[in-house]
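**Q** Pasting in a structure now, in structure tokens, and then I'll have a few things to ask.
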Amino acid sequence: MAGSVSLFLDPQIRDWVLFPITLVMILVGVLRHNVALLLQSAPKKLSRAATREQRALLRAQILRESATSSPVPPAFYTSLSAHLARAFETGAYLKDGPPADGASAAPAAAAPNPLTDPGAMDGMMAGMKTQAVMMVPQMVLMGWINFFFQGFVLIQLPFPLTLGFKAMLQRGIETPDMDVRWVSSLSWYFLNFFGLNGLYRLILGNDNAADASRDAAMSPYANMASAAPAQPQDYSKLFKSERDNLALAEGLYSWSGADVELRVLRKYGRIPSP
């Protein structure tokens, strides 16, 4: 541009404005990550009976899904399948114990009200704390830059840009004749806000709490929604369904170790192939 204004920046702007803003934003991101980790509550542990209930169903599913090429010998497979089917029928693995004689299994409990359930309230409070840790430092940083470095021109980009980038790169500077490549202090803050995510992933790992792109896309109510309890599963019905599936899997059972000695001998040419 022939009419563009030529600027010569004082090196002290680089040393006392550009580098400090970048360094402070990196340190604040690392601090946010560590504070968010400290505020995270420990996951709620399941009771021994609830863990036993889930593991029994998982064990039956693994046994059924591997039935077509099972590593379990036939005698052990039949015994284990019969034991699980019998336990599922009697409800021996249910968290609340088997139902009384002649009584039907208790229906699944309804999902608790998140406003009265202490566990759900803890999840909501944890989400609000995390959001506060993400938002408060950015507000303080923006106020700090606006107060001390308002109107500063920090750096010139080494590649040409169109006039459409002027509003993004020169926030806080109302000069229509300045070259688009010059970057103001406030715009440098926003560029670092979204541009340091790769550095955070390199320093803190992929699942870090300093990722600005994730914070910008996250709704303030996202953590509250994720903390809402899911509909509880009726393990009594799941056990009955899995018992029928085990009975069907017995017809598909095939031991992977059948005639293994003959297969090894044929592989190494000790006996002729059929």
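Chain lettering (A, B, ...) mirrors the order of the structure tokens, residue numbering begins at 1 for each chain separately, and ligand numbering begins at 1 in order of display.
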Just the residues within 9 Å of stretch 193-200 of chain A, please, counting only C-alpha atoms, with nothing from its chain fewer than 6 positions along; format it as a list in words.

**A** Met25, Ile26, Gly29, Val30, Gln138, Asn206, Asn208, Ala210, Asp211, Ala212 and Ser213 of chain A

**Q** Within 9 Å of A:Ile155, counting only C-alpha atoms, which residues show up once you throw out same-chain ones fewer than 2 positions away? Write them as number ranges by chain, please.

**A** A: 9, 14, 18, 153, 157, 181-185, 188

**Q** Go ahead and write the residues just picked, N, CA and C atoms, as a CSV table (one decimal), in the first residue's frame.

**A**
chain,number,residue,atom,x,y,z
A,9,LEU,N,9.2,-0.1,15.6
A,9,LEU,CA,8.8,-0.4,17.0
A,9,LEU,C,10.1,-0.4,17.9
A,14,ARG,N,9.0,-5.3,22.6
A,14,ARG,CA,9.2,-6.7,22.5
A,14,ARG,C,9.5,-7.3,23.8
A,18,LEU,N,5.5,-7.8,24.6
A,18,LEU,CA,5.2,-9.0,23.7
A,18,LEU,C,5.5,-10.3,24.5
A,153,VAL,N,1.1,-1.4,19.8
A,153,VAL,CA,1.3,-2.2,18.6
A,153,VAL,C,2.5,-3.1,18.9
A,157,LEU,N,3.1,-9.1,11.2
A,157,LEU,CA,3.1,-10.4,10.6
A,157,LEU,C,3.9,-10.4,9.3
A,181,ARG,N,-1.1,-5.9,8.6
A,181,ARG,CA,-0.2,-6.9,9.2
A,181,ARG,C,0.2,-6.6,10.7
A,182,TRP,N,0.0,-5.3,11.1
A,182,TRP,CA,0.4,-5.0,12.5
A,182,TRP,C,-0.7,-5.5,13.4
A,183,VAL,N,-0.2,-6.0,14.6
A,183,VAL,CA,-1.0,-6.7,15.6
A,183,VAL,C,-1.0,-5.9,16.9
A,184,SER,N,-2.2,-5.6,17.4
A,184,SER,CA,-2.3,-4.9,18.7
A,184,SER,C,-2.2,-5.8,19.8
A,185,SER,N,-2.1,-5.2,21.0
A,185,SER,CA,-1.9,-6.0,22.2
A,185,SER,C,-3.1,-6.9,22.5
A,188,TRP,N,-3.3,-9.7,20.1
A,188,TRP,CA,-2.2,-10.7,20.4
A,188,TRP,C,-2.7,-11.6,21.5

**Q** Using only C-alpha atoms, find the one residue out of A:Met178, A:Leu141, A:Leu84, A:Ile203 that sits nearest to A:Gln61.

**A**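 Answer, going by the shortest atom-to-atom distance: A:Leu84.
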
**Q** Write out as an NGL selection string the residues lying within 12 Å of A:Leu94, counting only C-alpha atoms and excluding same-chain residues fewer than 2 positions away.

**A** :A and (48-57 or 87-92 or 96-99 or 105-106 or 108 or 233-240)

**Q** Write a file of the selected residues as a short mmCIF file (atom, residue, chain, number, x, y, z; two decimals), in the first residue's frame, keeping N, CA, C and O atoms.

**A**
data_model
loop_
_atom_site.label_atom_id
_atom_site.label_comp_id
_atom_site.auth_asym_id
_atom_site.auth_seq_id
_atom_site.Cartn_x
_atom_site.Cartn_y
_atom_site.Cartn_z
N ARG A 48 -19.34 -53.27 46.86
CA ARG A 48 -18.87 -54.60 46.45
C ARG A 48 -19.97 -55.38 45.74
O ARG A 48 -19.73 -56.08 44.74
N ALA A 49 -21.21 -55.24 46.24
CA ALA A 49 -22.32 -55.97 45.62
C ALA A 49 -22.62 -55.44 44.22
O ALA A 49 -22.90 -56.22 43.30
N ALA A 50 -22.55 -54.11 44.02
CA ALA A 50 -22.82 -53.55 42.70
C ALA A 50 -21.72 -53.93 41.71
O ALA A 50 -22.00 -54.24 40.55
N THR A 51 -20.47 -53.94 42.17
CA THR A 51 -19.37 -54.37 41.30
C THR A 51 -19.51 -55.83 40.92
O THR A 51 -19.29 -56.22 39.76
N ARG A 52 -19.90 -56.66 41.87
CA ARG A 52 -20.10 -58.09 41.60
C ARG A 52 -21.22 -58.30 40.60
O ARG A 52 -21.14 -59.17 39.71
N GLU A 53 -22.27 -57.50 40.69
CA GLU A 53 -23.40 -57.59 39.77
C GLU A 53 -22.97 -57.27 38.34
O GLU A 53 -23.32 -57.97 37.39
N GLN A 54 -22.18 -56.22 38.17
CA GLN A 54 -21.73 -55.83 36.84
C GLN A 54 -20.74 -56.84 36.27
O GLN A 54 -20.79 -57.19 35.09
N ARG A 55 -19.82 -57.31 37.11
CA ARG A 55 -18.80 -58.24 36.62
C ARG A 55 -19.39 -59.58 36.22
O ARG A 55 -18.91 -60.24 35.30
N ALA A 56 -20.45 -60.02 36.90
CA ALA A 56 -21.09 -61.28 36.54
C ALA A 56 -21.70 -61.19 35.15
O ALA A 56 -21.58 -62.11 34.33
N LEU A 57 -22.36 -60.06 34.86
CA LEU A 57 -22.93 -59.88 33.53
C LEU A 57 -21.83 -59.79 32.47
O LEU A 57 -21.95 -60.37 31.38
N ALA A 87 -27.27 -69.08 38.36
CA ALA A 87 -27.19 -67.89 39.22
C ALA A 87 -28.06 -66.76 38.69
O ALA A 87 -28.70 -66.04 39.47
N PHE A 88 -28.13 -66.61 37.37
CA PHE A 88 -28.98 -65.56 36.80
C PHE A 88 -30.45 -65.87 37.04
O PHE A 88 -31.26 -64.96 37.25
N GLU A 89 -30.80 -67.14 37.00
CA GLU A 89 -32.21 -67.52 37.22
C GLU A 89 -32.64 -67.28 38.65
O GLU A 89 -33.76 -66.82 38.91
N THR A 90 -31.76 -67.58 39.59
CA THR A 90 -32.10 -67.41 41.01
C THR A 90 -31.84 -66.00 41.52
O THR A 90 -32.29 -65.65 42.61
N GLY A 91 -31.11 -65.18 40.73
CA GLY A 91 -30.79 -63.82 41.18
C GLY A 91 -29.70 -63.78 42.22
O GLY A 91 -29.67 -62.86 43.05
N ALA A 92 -28.77 -64.74 42.19
CA ALA A 92 -27.73 -64.80 43.21
C ALA A 92 -26.77 -63.63 43.11
O ALA A 92 -26.16 -63.22 44.11
N ASP A 96 -29.10 -56.43 45.43
CA ASP A 96 -29.94 -56.50 46.63
C ASP A 96 -30.23 -57.92 47.07
O ASP A 96 -31.08 -58.14 47.94
N GLY A 97 -29.55 -58.90 46.46
CA GLY A 97 -29.76 -60.28 46.83
C GLY A 97 -30.90 -60.91 46.05
O GLY A 97 -31.70 -60.21 45.41
N PRO A 98 -30.99 -62.23 46.07
CA PRO A 98 -32.08 -62.90 45.34
C PRO A 98 -33.43 -62.57 45.93
O PRO A 98 -33.55 -62.35 47.14
N PRO A 99 -34.47 -62.49 45.09
CA PRO A 99 -35.81 -62.19 45.63
C PRO A 99 -36.31 -63.33 46.50
O PRO A 99 -35.89 -64.48 46.37
N ALA A 105 -38.98 -59.96 41.15
CA ALA A 105 -37.83 -59.07 41.36
C ALA A 105 -38.31 -57.63 41.47
O ALA A 105 -39.27 -57.20 40.83
N ALA A 106 -37.64 -56.89 42.34
CA ALA A 106 -38.01 -55.50 42.53
C ALA A 106 -37.71 -54.70 41.27
O ALA A 106 -36.70 -54.90 40.63
N ALA A 108 -36.61 -51.63 38.79
CA ALA A 108 -35.46 -50.72 38.87
C ALA A 108 -35.91 -49.39 39.46
O ALA A 108 -36.98 -48.88 39.17
N GLN A 233 -30.20 -49.33 35.35
CA GLN A 233 -30.49 -50.54 34.60
C GLN A 233 -31.15 -51.57 35.51
O GLN A 233 -30.83 -51.68 36.70
N ASP A 234 -32.05 -52.32 34.92
CA ASP A 234 -32.74 -53.40 35.62
C ASP A 234 -31.94 -54.68 35.39
O ASP A 234 -32.09 -55.35 34.37
N TYR A 235 -31.06 -55.01 36.33
CA TYR A 235 -30.18 -56.18 36.16
C TYR A 235 -30.96 -57.48 36.23
O TYR A 235 -30.49 -58.50 35.74
N SER A 236 -32.12 -57.47 36.84
CA SER A 236 -32.92 -58.69 36.87
C SER A 236 -33.33 -59.09 35.46
O SER A 236 -33.22 -60.26 35.06
N LYS A 237 -33.77 -58.11 34.67
CA LYS A 237 -34.13 -58.41 33.28
C LYS A 237 -32.90 -58.71 32.43
O LYS A 237 -32.94 -59.58 31.55
N LEU A 238 -31.81 -58.02 32.70
CA LEU A 238 -30.58 -58.28 31.95
C LEU A 238 -30.07 -59.70 32.21
O LEU A 238 -29.59 -60.38 31.29
N PHE A 239 -30.16 -60.14 33.45
CA PHE A 239 -29.71 -61.49 33.78
C PHE A 239 -30.58 -62.54 33.08
O PHE A 239 -30.06 -63.56 32.59
N LYS A 240 -31.88 -62.34 33.05
CA LYS A 240 -32.76 -63.30 32.38
C LYS A 240 -32.47 -63.36 30.89
O LYS A 240 -32.46 -64.44 30.29
#

**Q** Can you check which residues of stretch 143-267 of chain A DSSP gives as strand (DSSP E or B) on the backbone and send them as an NGL selection string?

**A** :A and (153-156 or 182-184 or 255)

**Q** Could you write out the selected residues, including N, CA and C atoms, as a PDB file, in the first residue's frame?

**A**
ATOM      1  N   VAL A 153       1.073  -1.448  19.794  1.00  0.00           N
ATOM      2  CA  VAL A 153       1.312  -2.247  18.591  1.00  0.00           C
ATOM      3  C   VAL A 153       2.536  -3.111  18.868  1.00  0.00           C
ATOM      4  N   LEU A 154       2.377  -4.420  18.753  1.00  0.00           N
ATOM      5  CA  LEU A 154       3.401  -5.329  19.254  1.00  0.00           C
ATOM      6  C   LEU A 154       4.245  -5.967  18.170  1.00  0.00           C
ATOM      7  N   ILE A 155       3.650  -6.355  17.078  1.00  0.00           N
ATOM      8  CA  ILE A 155       4.371  -7.186  16.123  1.00  0.00           C
ATOM      9  C   ILE A 155       3.778  -6.987  14.734  1.00  0.00           C
ATOM     10  N   GLN A 156       4.587  -7.242  13.724  1.00  0.00           N
ATOM     11  CA  GLN A 156       4.128  -7.206  12.335  1.00  0.00           C
ATOM     12  C   GLN A 156       4.242  -8.603  11.745  1.00  0.00           C
ATOM     13  N   TRP A 182       0.029  -5.335  11.091  1.00  0.00           N
ATOM     14  CA  TRP A 182       0.374  -4.967  12.467  1.00  0.00           C
ATOM     15  C   TRP A 182      -0.668  -5.528  13.435  1.00  0.00           C
ATOM     16  N   VAL A 183      -0.183  -6.005  14.584  1.00  0.00           N
ATOM     17  CA  VAL A 183      -1.041  -6.676  15.570  1.00  0.00           C
ATOM     18  C   VAL A 183      -1.024  -5.872  16.865  1.00  0.00           C
ATOM     19  N   SER A 184      -2.210  -5.594  17.389  1.00  0.00           N
ATOM     20  CA  SER A 184      -2.317  -4.858  18.652  1.00  0.00           C
ATOM     21  C   SER A 184      -2.180  -5.809  19.836  1.00  0.00           C
ATOM     22  N   TRP A 255     -14.470 -75.679  20.656  1.00  0.00           N
ATOM     23  CA  TRP A 255     -13.226 -75.513  21.415  1.00  0.00           C
ATOM     24  C   TRP A 255     -12.073 -75.255  20.455  1.00  0.00           C
TER      25      TRP A 255
END

**Q** Compile the contact shell of A:Val72 as number ranges by chain: residues with an atom at most 10 Å away, counting only C-alpha atoms, same-chain residues fewer than 5 positions apart removed.

**A** A: 63, 66-67, 77-78, 80, 253-257

**Q** Output N, CA, C and O atoms of each residue in that selection to a file, as a CSV table (one decimal), in the first residue's frame.

**A**
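Written output follows (selection-v4.csv):
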chain,number,residue,atom,x,y,z
A,63,LEU,N,-18.0,-64.9,27.9
A,63,LEU,CA,-18.1,-66.4,27.6
A,63,LEU,C,-19.0,-66.7,26.4
A,63,LEU,O,-18.7,-67.5,25.6
A,66,SER,N,-17.3,-65.5,22.9
A,66,SER,CA,-16.1,-66.3,22.5
A,66,SER,C,-16.5,-67.8,22.3
A,66,SER,O,-15.6,-68.6,22.2
A,67,ALA,N,-17.8,-68.1,22.2
A,67,ALA,CA,-18.2,-69.5,22.2
A,67,ALA,C,-17.9,-70.1,20.9
A,67,ALA,O,-17.6,-71.3,20.8
A,77,TYR,N,-16.3,-75.3,30.1
A,77,TYR,CA,-17.3,-74.3,29.5
A,77,TYR,C,-18.7,-74.7,29.9
A,77,TYR,O,-19.5,-73.8,30.3
A,78,THR,N,-19.1,-76.0,29.8
A,78,THR,CA,-20.4,-76.4,30.2
A,78,THR,C,-20.7,-76.1,31.7
A,78,THR,O,-21.8,-75.6,32.0
A,80,LEU,N,-19.2,-73.8,33.6
A,80,LEU,CA,-19.3,-72.4,33.9
A,80,LEU,C,-20.6,-71.8,33.3
A,80,LEU,O,-21.2,-71.0,34.0
A,253,TYR,N,-21.0,-73.6,20.5
A,253,TYR,CA,-19.7,-73.8,21.1
A,253,TYR,C,-18.7,-74.6,20.3
A,253,TYR,O,-19.1,-75.6,19.7
A,254,SER,N,-17.5,-74.1,20.2
A,254,SER,CA,-16.4,-74.9,19.5
A,254,SER,C,-15.1,-74.6,20.2
A,254,SER,O,-14.8,-73.4,20.4
A,255,TRP,N,-14.5,-75.7,20.7
A,255,TRP,CA,-13.2,-75.5,21.4
A,255,TRP,C,-12.1,-75.3,20.5
A,255,TRP,O,-11.8,-76.0,19.5
A,256,SER,N,-11.3,-74.2,20.7
A,256,SER,CA,-10.2,-73.8,19.8
A,256,SER,C,-9.1,-74.8,20.0
A,256,SER,O,-8.2,-74.9,19.1
A,257,GLY,N,-9.0,-75.6,21.0
A,257,GLY,CA,-7.9,-76.5,21.2
A,257,GLY,C,-8.2,-77.9,20.8
A,257,GLY,O,-7.4,-78.8,21.0

**Q** Nearest to A:Met135: which of A:Leu169, A:Leu163, A:Ile62, A:Val28 is it, counting only C-alpha atoms?

**A**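 Of all the options, A:Val28 lies closest to A:Met135.
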
**Q** Using only C-alpha atoms, determine which residues lie at most 12 Å from A:Val180, disregarding the query and same-chain residues fewer than 6 positions distant; provide the list as an mmCIF file with all heavy atoms, in the first residue's frame.

**A**
data_model
loop_
_atom_site.group_PDB
_atom_site.id
_atom_site.type_symbol
_atom_site.label_atom_id
_atom_site.label_comp_id
_atom_site.auth_asym_id
_atom_site.auth_seq_id
_atom_site.Cartn_x
_atom_site.Cartn_y
_atom_site.Cartn_z
ATOM 1 N N MET A 1 0.838 -1.197 0.000
ATOM 2 C CA MET A 1 0.000 0.000 0.000
ATOM 3 C C MET A 1 0.876 1.252 0.000
ATOM 4 O O MET A 1 1.750 1.421 0.862
ATOM 5 C CB MET A 1 -0.925 0.018 1.229
ATOM 6 C CG MET A 1 -1.928 -1.136 1.258
ATOM 7 S SD MET A 1 -2.900 -1.145 2.770
ATOM 8 C CE MET A 1 -3.670 0.440 2.667
ATOM 9 N N SER A 4 0.303 3.585 3.117
ATOM 10 C CA SER A 4 0.382 2.976 4.435
ATOM 11 C C SER A 4 1.449 3.645 5.273
ATOM 12 O O SER A 4 2.440 4.170 4.758
ATOM 13 C CB SER A 4 0.671 1.486 4.308
ATOM 14 O OG SER A 4 1.931 1.306 3.683
ATOM 15 N N VAL A 5 1.253 3.645 6.567
ATOM 16 C CA VAL A 5 2.169 4.289 7.500
ATOM 17 C C VAL A 5 3.254 3.298 7.887
ATOM 18 O O VAL A 5 2.970 2.160 8.242
ATOM 19 C CB VAL A 5 1.403 4.778 8.742
ATOM 20 C CG1 VAL A 5 2.356 5.416 9.733
ATOM 21 C CG2 VAL A 5 0.320 5.763 8.330
ATOM 22 N N SER A 6 4.519 3.760 7.814
ATOM 23 C CA SER A 6 5.641 2.921 8.223
ATOM 24 C C SER A 6 5.882 3.131 9.712
ATOM 25 O O SER A 6 5.954 4.277 10.192
ATOM 26 C CB SER A 6 6.901 3.289 7.426
ATOM 27 O OG SER A 6 6.703 3.055 6.045
ATOM 28 N N VAL A 153 1.073 -1.448 19.794
ATOM 29 C CA VAL A 153 1.312 -2.247 18.591
ATOM 30 C C VAL A 153 2.536 -3.111 18.868
ATOM 31 O O VAL A 153 3.611 -2.593 19.201
ATOM 32 C CB VAL A 153 1.548 -1.354 17.359
ATOM 33 C CG1 VAL A 153 1.867 -2.204 16.139
ATOM 34 C CG2 VAL A 153 0.327 -0.493 17.091
ATOM 35 N N ILE A 155 3.650 -6.355 17.078
ATOM 36 C CA ILE A 155 4.371 -7.186 16.123
ATOM 37 C C ILE A 155 3.778 -6.987 14.734
ATOM 38 O O ILE A 155 2.613 -6.593 14.601
ATOM 39 C CB ILE A 155 4.293 -8.672 16.544
ATOM 40 C CG1 ILE A 155 5.270 -9.526 15.750
ATOM 41 C CG2 ILE A 155 2.885 -9.193 16.412
ATOM 42 C CD1 ILE A 155 5.337 -10.969 16.234
ATOM 43 N N GLN A 156 4.587 -7.242 13.724
ATOM 44 C CA GLN A 156 4.128 -7.206 12.335
ATOM 45 C C GLN A 156 4.242 -8.603 11.745
ATOM 46 O O GLN A 156 5.313 -9.218 11.789
ATOM 47 C CB GLN A 156 4.945 -6.221 11.502
ATOM 48 C CG GLN A 156 4.429 -6.058 10.077
ATOM 49 C CD GLN A 156 5.300 -5.132 9.253
ATOM 50 O OE1 GLN A 156 6.502 -5.059 9.464
ATOM 51 N NE2 GLN A 156 4.688 -4.424 8.308
ATOM 52 N N LEU A 157 3.137 -9.100 11.210
ATOM 53 C CA LEU A 157 3.140 -10.432 10.617
ATOM 54 C C LEU A 157 3.950 -10.431 9.317
ATOM 55 O O LEU A 157 3.909 -9.454 8.555
ATOM 56 C CB LEU A 157 1.708 -10.889 10.336
ATOM 57 C CG LEU A 157 0.797 -11.006 11.573
ATOM 58 C CD1 LEU A 157 -0.602 -11.435 11.160
ATOM 59 C CD2 LEU A 157 1.378 -11.972 12.582
ATOM 60 N N PRO A 158 4.679 -11.500 9.030
ATOM 61 C CA PRO A 158 5.582 -11.503 7.868
ATOM 62 C C PRO A 158 4.908 -11.858 6.541
ATOM 63 O O PRO A 158 5.607 -12.081 5.558
ATOM 64 C CB PRO A 158 6.610 -12.569 8.254
ATOM 65 C CG PRO A 158 5.860 -13.521 9.115
ATOM 66 C CD PRO A 158 4.863 -12.689 9.876
ATOM 67 N N PHE A 159 3.584 -11.918 6.492
ATOM 68 C CA PHE A 159 2.897 -12.281 5.249
ATOM 69 C C PHE A 159 1.740 -11.304 5.038
ATOM 70 O O PHE A 159 1.184 -10.766 5.994
ATOM 71 C CB PHE A 159 2.372 -13.720 5.314
ATOM 72 C CG PHE A 159 1.688 -14.068 6.603
ATOM 73 C CD1 PHE A 159 0.341 -13.783 6.789
ATOM 74 C CD2 PHE A 159 2.392 -14.666 7.634
ATOM 75 C CE1 PHE A 159 -0.291 -14.098 7.982
ATOM 76 C CE2 PHE A 159 1.768 -14.984 8.825
ATOM 77 C CZ PHE A 159 0.430 -14.697 9.000
ATOM 78 N N PRO A 160 1.373 -11.054 3.782
ATOM 79 C CA PRO A 160 0.299 -10.087 3.500
ATOM 80 C C PRO A 160 -1.071 -10.641 3.856
ATOM 81 O O PRO A 160 -1.307 -11.844 3.813
ATOM 82 C CB PRO A 160 0.437 -9.847 1.994
ATOM 83 C CG PRO A 160 1.063 -11.105 1.472
ATOM 84 C CD PRO A 160 1.984 -11.591 2.555
ATOM 85 N N LEU A 161 -1.977 -9.735 4.193
ATOM 86 C CA LEU A 161 -3.346 -10.084 4.545
ATOM 87 C C LEU A 161 -4.298 -9.089 3.901
ATOM 88 O O LEU A 161 -3.910 -7.965 3.557
ATOM 89 C CB LEU A 161 -3.538 -10.079 6.066
ATOM 90 C CG LEU A 161 -2.773 -11.132 6.874
ATOM 91 C CD1 LEU A 161 -2.887 -10.839 8.357
ATOM 92 C CD2 LEU A 161 -3.295 -12.520 6.578
ATOM 93 N N THR A 162 -5.543 -9.512 3.762
ATOM 94 C CA THR A 162 -6.570 -8.626 3.220
ATOM 95 C C THR A 162 -7.133 -7.742 4.324
ATOM 96 O O THR A 162 -6.900 -7.968 5.521
ATOM 97 C CB THR A 162 -7.695 -9.454 2.590
ATOM 98 O OG1 THR A 162 -8.311 -10.253 3.603
ATOM 99 C CG2 THR A 162 -7.159 -10.351 1.492
ATOM 100 N N LEU A 163 -7.900 -6.732 3.903
ATOM 101 C CA LEU A 163 -8.460 -5.784 4.871
ATOM 102 C C LEU A 163 -9.490 -6.435 5.793
ATOM 103 O O LEU A 163 -9.831 -5.871 6.825
ATOM 104 C CB LEU A 163 -9.106 -4.611 4.133
ATOM 105 C CG LEU A 163 -8.137 -3.637 3.434
ATOM 106 C CD1 LEU A 163 -8.917 -2.587 2.658
ATOM 107 C CD2 LEU A 163 -7.209 -2.987 4.443
ATOM 108 N N GLY A 164 -9.972 -7.619 5.420
ATOM 109 C CA GLY A 164 -10.936 -8.290 6.287
ATOM 110 C C GLY A 164 -10.350 -8.708 7.625
ATOM 111 O O GLY A 164 -11.095 -8.942 8.585
ATOM 112 N N PHE A 165 -9.029 -8.800 7.719
ATOM 113 C CA PHE A 165 -8.389 -9.197 8.975
ATOM 114 C C PHE A 165 -8.084 -8.005 9.874
ATOM 115 O O PHE A 165 -7.565 -8.190 10.968
ATOM 116 C CB PHE A 165 -7.080 -9.948 8.685
ATOM 117 C CG PHE A 165 -7.284 -11.302 8.093
ATOM 118 C CD1 PHE A 165 -7.325 -11.468 6.718
ATOM 119 C CD2 PHE A 165 -7.432 -12.419 8.905
ATOM 120 C CE1 PHE A 165 -7.513 -12.721 6.163
ATOM 121 C CE2 PHE A 165 -7.621 -13.666 8.360
ATOM 122 C CZ PHE A 165 -7.668 -13.827 6.977
ATOM 123 N N LYS A 166 -8.362 -6.801 9.416
ATOM 124 C CA LYS A 166 -7.981 -5.625 10.189
ATOM 125 C C LYS A 166 -8.702 -5.545 11.533
ATOM 126 O O LYS A 166 -8.102 -5.255 12.564
ATOM 127 C CB LYS A 166 -8.265 -4.363 9.366
ATOM 128 C CG LYS A 166 -7.698 -3.085 9.967
ATOM 129 C CD LYS A 166 -7.920 -1.916 9.037
ATOM 130 C CE LYS A 166 -7.294 -0.653 9.605
ATOM 131 N NZ LYS A 166 -5.817 -0.759 9.694
ATOM 132 N N ALA A 167 -10.002 -5.832 11.524
ATOM 133 C CA ALA A 167 -10.762 -5.777 12.778
ATOM 134 C C ALA A 167 -10.306 -6.850 13.757
ATOM 135 O O ALA A 167 -10.408 -6.672 14.977
ATOM 136 C CB ALA A 167 -12.250 -5.921 12.486
ATOM 137 N N MET A 168 -9.795 -7.962 13.241
ATOM 138 C CA MET A 168 -9.362 -9.045 14.125
ATOM 139 C C MET A 168 -7.962 -8.799 14.680
ATOM 140 O O MET A 168 -7.686 -9.132 15.833
ATOM 141 C CB MET A 168 -9.386 -10.369 13.361
ATOM 142 C CG MET A 168 -9.004 -11.580 14.192
ATOM 143 S SD MET A 168 -9.055 -13.113 13.257
ATOM 144 C CE MET A 168 -7.675 -12.890 12.148
ATOM 145 N N LEU A 169 -7.088 -8.193 13.905
ATOM 146 C CA LEU A 169 -5.690 -8.053 14.314
ATOM 147 C C LEU A 169 -5.384 -6.712 14.973
ATOM 148 O O LEU A 169 -4.317 -6.566 15.572
ATOM 149 C CB LEU A 169 -4.767 -8.228 13.099
ATOM 150 C CG LEU A 169 -4.790 -9.601 12.443
ATOM 151 C CD1 LEU A 169 -3.849 -9.623 11.252
ATOM 152 C CD2 LEU A 169 -4.400 -10.685 13.439
ATOM 153 N N GLN A 170 -6.280 -5.749 14.859
ATOM 154 C CA GLN A 170 -5.985 -4.414 15.401
ATOM 155 C C GLN A 170 -7.098 -3.933 16.310
ATOM 156 O O GLN A 170 -7.571 -2.794 16.219
ATOM 157 C CB GLN A 170 -5.748 -3.428 14.245
ATOM 158 C CG GLN A 170 -4.537 -3.772 13.409
ATOM 159 C CD GLN A 170 -4.316 -2.840 12.241
ATOM 160 O OE1 GLN A 170 -5.026 -1.847 12.065
ATOM 161 N NE2 GLN A 170 -3.311 -3.137 11.432
ATOM 162 N N ARG A 171 -7.518 -4.786 17.220
ATOM 163 C CA ARG A 171 -8.535 -4.401 18.188
ATOM 164 C C ARG A 171 -7.948 -3.386 19.166
ATOM 165 O O ARG A 171 -6.851 -3.553 19.671
ATOM 166 C CB ARG A 171 -9.024 -5.618 18.965
ATOM 167 C CG ARG A 171 -9.802 -6.595 18.114
ATOM 168 C CD ARG A 171 -10.552 -7.588 18.966
ATOM 169 N NE ARG A 171 -11.349 -8.491 18.157
ATOM 170 C CZ ARG A 171 -12.240 -9.330 18.644
ATOM 171 N NH1 ARG A 171 -12.444 -9.395 19.954
ATOM 172 N NH2 ARG A 171 -12.940 -10.121 17.850
ATOM 173 N N ILE A 173 -7.270 -0.317 18.345
ATOM 174 C CA ILE A 173 -6.537 0.715 17.598
ATOM 175 C C ILE A 173 -7.411 1.128 16.420
ATOM 176 O O ILE A 173 -7.618 0.344 15.491
ATOM 177 C CB ILE A 173 -5.172 0.203 17.103
ATOM 178 C CG1 ILE A 173 -4.313 -0.262 18.278
ATOM 179 C CG2 ILE A 173 -4.447 1.279 16.314
ATOM 180 C CD1 ILE A 173 -2.985 -0.830 17.863
ATOM 181 N N GLU A 174 -7.903 2.346 16.447
ATOM 182 C CA GLU A 174 -8.783 2.839 15.385
ATOM 183 C C GLU A 174 -7.974 3.719 14.429
ATOM 184 O O GLU A 174 -7.999 4.947 14.485
ATOM 185 C CB GLU A 174 -9.959 3.625 15.985
ATOM 186 C CG GLU A 174 -10.779 2.844 16.998
ATOM 187 C CD GLU A 174 -11.467 1.636 16.379
ATOM 188 O OE1 GLU A 174 -11.689 1.646 15.155
ATOM 189 O OE2 GLU A 174 -11.771 0.683 17.128
#

**Q** Go through A:Ala36, A:Ala132, A:Leu252, A:Ile145 and flag the residue nearest A:Phe190, using only C-alpha atoms for the distances.

**A** A:Ile145

**Q** Return the single residue from A:Leu39, A:Leu186, A:Val136, A:Leu262 that is closest to A:Pro274, with distances computed using only C-alpha atoms.

**A**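 Of the candidates, the smallest distance to A:Pro274 is held by A:Leu262.
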
**Q** Where does DSSP see helix (DSSP H, G or I) in stretch 117-211 of chain A, if you list the residues as a VMD selection string?

**A** chain A and resid 118 to 148 163 to 169 185 to 195 197 to 204

**Q** Rounded to one decimal, what separation in Å do you get between atom CA of A:Val35 and atom CA of A:Trp144?

**A**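 It comes out at 20.7 Å.
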
**Q** For atom CA of A:Gln40 and atom CA of A:Gly127, determine how far apart the two atoms are, in Å to one decimal place.

**A**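 Atom-to-atom, atom CA of A:Gln40 and atom CA of A:Gly127 are spaced 9.0 Å apart.
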
**Q** For the atom pair atom CA of A:Leu37 and atom CA of A:Met124, what is the interatomic distance in Å to one decimal place?

**A**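 Spanning atom CA of A:Leu37 to atom CA of A:Met124 is a straight-line distance of 16.1 Å.
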